[in-house]
Amino acid sequence: MTVLLTPPAPDLRLLVSLAAWTWADTRPDGHEAAHILITRAPAGSGTTETAEAGMRRLSASLGGLTGAREVVPELERCLQIVGDQVLLHVPGVSRRLRLPTRCPWTELVARNAEAVLLLGLDPLPQTADAARIDAYLDATLATDRLLFGRARTR
């Protein structure tokens with residue numbers, strides 16, 4: 001008998017509480033790359049440990065994101081472009097997370113067929129501006145609280 005273990009899907013309440021940002025940046029090789037940052041919004045119900053466990057379940061269901069010092073995995077097809085929208089599909093969950101987009105970013109995702117996915121384990125309010133996001137990225141990277149993956153469209 002063979003047993004197939006699949007990670008439990010994240011709770012739908014977690015998906016509803018997520019905050020997301022998108023931007024384009026230059027990779028080390030000089031080419032442009034689309035980036036997605038997903039965190040949980042602060043003041044959710046439950047303890048910090050419960051919220052982090054939910055984010056780690058989200059990472060596992062997407063295929064297992066890794067820390068900055070590890071090889072960044074190529075995730076299964078989890079991005080879907082519908083018109084000018086980009087949706088993140090989490091296996092095991094019927095709802096898709098609509099990402100904040102602008103036309104040039106969506107075109108970049110379509111052209112490259114992927115985006116760098118960053119999953120922050122610490123909360124960040126959806127109202128955070130660019131300076132606060134930069135500070136968040138620096139802090140979570142320094143404390144190894146940022147997970148990475150390459151999300152694909154095909």
# chains A, B, ... in the order shown; residues from 1 in each chain; ligands from 1

$ select_by_dssp --residues "region 39-103 of chain A" --states "helix (DSSP H, G or I)" --output "ChimeraX atom specification"
/A:48-62,103

$ closest_atom_pairs --of "region 8-38 of chain A" --to "region 116-125 of chain A" --cutoff "8 Å" --atoms "only C-alpha atoms" --output "Markdown table"
| residue | atom | partner | partner_atom | distance |
| --- | --- | --- | --- | --- |
| A:Ala19 | CA | A:Pro125 | CA | 6.9 |
| A:Ala33 | CA | A:Val116 | CA | 7.1 |
| A:Ala34 | CA | A:Val116 | CA | 6.2 |
| A:His35 | CA | A:Val116 | CA | 4.7 |
| A:Ile36 | CA | A:Leu117 | CA | 4.9 |
| A:Leu37 | CA | A:Leu118 | CA | 4.7 |
| A:Ile38 | CA | A:Leu119 | CA | 5.0 |

$ atom_distance --atom1 "CA of Ala20 (chain A)" --atom2 "CA of Ala151 (chain A)"
14.4 Å

$ residues_around --residues "Gly64 (chain A)" --least-positions-apart "3" --cutoff "8 Å" --atoms "only C-alpha atoms" --output "list of chain:residue names"
A:Ser59, A:Ala60, A:Ser61, A:Pro73, A:Leu75, A:Gly149

$ closest_residue --among "A:Gly54, A:Pro42, A:Asp134, A:Thr22" --to "Gln85 (chain A)" --atoms "only C-alpha atoms"
A:Thr22

$ residues_around --residues "region 67-71 of chain A" --least-positions-apart "3" --cutoff "9 Å" --atoms "only C-alpha atoms" --output "PyMOL selection string"
chain A and resi 141+144-149

$ residues_around --residues "His31 (chain A)" --least-positions-apart "3" --cutoff "12 Å" --atoms "only C-alpha atoms" --output "PyMOL selection string"
chain A and resi 24-28+34+108+111-112

$ write_last_selection --atoms "N, CA, C and O atoms" --output "PDB file, in the first residue's frame"
ATOM      1  N   ALA A  24       8.417  45.497  -9.980  1.00  0.00           N
ATOM      2  CA  ALA A  24       9.462  44.985 -10.871  1.00  0.00           C
ATOM      3  C   ALA A  24      10.808  45.448 -10.342  1.00  0.00           C
ATOM      4  O   ALA A  24      10.927  46.531  -9.773  1.00  0.00           O
ATOM      5  N   ASP A  25      11.816  44.604 -10.500  1.00  0.00           N
ATOM      6  CA  ASP A  25      13.165  44.923 -10.051  1.00  0.00           C
ATOM      7  C   ASP A  25      14.144  44.227 -10.989  1.00  0.00           C
ATOM      8  O   ASP A  25      13.752  43.382 -11.787  1.00  0.00           O
ATOM      9  N   THR A  26      15.397  44.563 -10.874  1.00  0.00           N
ATOM     10  CA  THR A  26      16.419  43.965 -11.724  1.00  0.00           C
ATOM     11  C   THR A  26      17.067  42.787 -11.015  1.00  0.00           C
ATOM     12  O   THR A  26      17.436  42.886  -9.839  1.00  0.00           O
ATOM     13  N   ARG A  27      17.205  41.671 -11.733  1.00  0.00           N
ATOM     14  CA  ARG A  27      17.902  40.493 -11.207  1.00  0.00           C
ATOM     15  C   ARG A  27      19.404  40.740 -11.273  1.00  0.00           C
ATOM     16  O   ARG A  27      19.858  41.665 -11.946  1.00  0.00           O
ATOM     17  N   PRO A  28      20.198  39.903 -10.612  1.00  0.00           N
ATOM     18  CA  PRO A  28      21.658  40.058 -10.677  1.00  0.00           C
ATOM     19  C   PRO A  28      22.214  39.992 -12.103  1.00  0.00           C
ATOM     20  O   PRO A  28      23.241  40.601 -12.392  1.00  0.00           O
ATOM     21  N   ALA A  34       9.638  40.227 -12.087  1.00  0.00           N
ATOM     22  CA  ALA A  34       8.451  40.614 -11.326  1.00  0.00           C
ATOM     23  C   ALA A  34       8.573  40.022  -9.922  1.00  0.00           C
ATOM     24  O   ALA A  34       9.048  38.898  -9.761  1.00  0.00           O
ATOM     25  N   LEU A 108       5.175  41.990 -17.736  1.00  0.00           N
ATOM     26  CA  LEU A 108       6.442  41.373 -17.360  1.00  0.00           C
ATOM     27  C   LEU A 108       6.227  39.925 -16.914  1.00  0.00           C
ATOM     28  O   LEU A 108       6.977  39.026 -17.303  1.00  0.00           O
ATOM     29  N   ARG A 111       5.485  37.889 -20.014  1.00  0.00           N
ATOM     30  CA  ARG A 111       6.692  37.721 -20.835  1.00  0.00           C
ATOM     31  C   ARG A 111       7.652  36.698 -20.222  1.00  0.00           C
ATOM     32  O   ARG A 111       8.181  35.837 -20.912  1.00  0.00           O
ATOM     33  N   ASN A 112       7.886  36.782 -18.911  1.00  0.00           N
ATOM     34  CA  ASN A 112       8.833  35.891 -18.235  1.00  0.00           C
ATOM     35  C   ASN A 112       8.209  34.566 -17.800  1.00  0.00           C
ATOM     36  O   ASN A 112       8.920  33.634 -17.447  1.00  0.00           O
TER      37      ASN A 112
END

$ closest_residue --among "A:Val82, A:Leu14, A:Ala51, A:Ala113" --to "Arg154 (chain A)" --atoms "only C-alpha atoms"
A:Ala113

$ closest_residue --among "A:Ala142, A:Tyr136, A:Trp23, A:Asp129" --to "Thr39 (chain A)" --atoms "only C-alpha atoms"
A:Tyr136

$ atom_distance --atom1 "CA of Arg150 (chain A)" --atom2 "CA of Glu76 (chain A)"
8.8 Å

$ select_by_dssp --residues "region 68-138 of chain A" --states "strand (DSSP E or B)" --output "MDAnalysis selection string"
chainID A and resid 74:77 79:82 85:89 96:99 114:120

$ write_last_selection --atoms "C-alpha atoms" --output "JSON list (two decimals), in the first residue's frame"
[["chain", "number", "residue", "atom", "x", "y", "z"],
["A", 74, "GLU", "CA", 10.59, 26.66, -8.91],
["A", 75, "LEU", "CA", 7.02, 26.24, -7.73],
["A", 76, "GLU", "CA", 4.27, 24.49, -9.63],
["A", 77, "ARG", "CA", 2.08, 26.63, -11.87],
["A", 79, "LEU", "CA", -0.02, 32.21, -11.22],
["A", 80, "GLN", "CA", -2.89, 32.82, -13.60],
["A", 81, "ILE", "CA", -3.28, 35.87, -15.84],
["A", 82, "VAL", "CA", -6.88, 36.80, -16.59],
["A", 85, "GLN", "CA", -5.38, 40.66, -13.43],
["A", 86, "VAL", "CA", -2.89, 38.21, -11.95],
["A", 87, "LEU", "CA", -4.25, 35.62, -9.54],
["A", 88, "LEU", "CA", -2.32, 33.39, -7.14],
["A", 89, "HIS", "CA", -3.75, 29.88, -6.89],
["A", 96, "ARG", "CA", -7.62, 32.70, -5.71],
["A", 97, "LEU", "CA", -5.71, 35.64, -4.28],
["A", 98, "ARG", "CA", -5.98, 38.65, -6.59],
["A", 99, "LEU", "CA", -2.63, 40.43, -6.70],
["A", 114, "GLU", "CA", 7.18, 33.68, -13.68],
["A", 115, "ALA", "CA", 7.58, 35.99, -10.71],
["A", 116, "VAL", "CA", 9.74, 35.88, -7.58],
["A", 117, "LEU", "CA", 7.44, 35.08, -4.67],
["A", 118, "LEU", "CA", 8.45, 36.35, -1.23],
["A", 119, "LEU", "CA", 6.46, 35.14, 1.75],
["A", 120, "GLY", "CA", 6.96, 37.21, 4.89]]
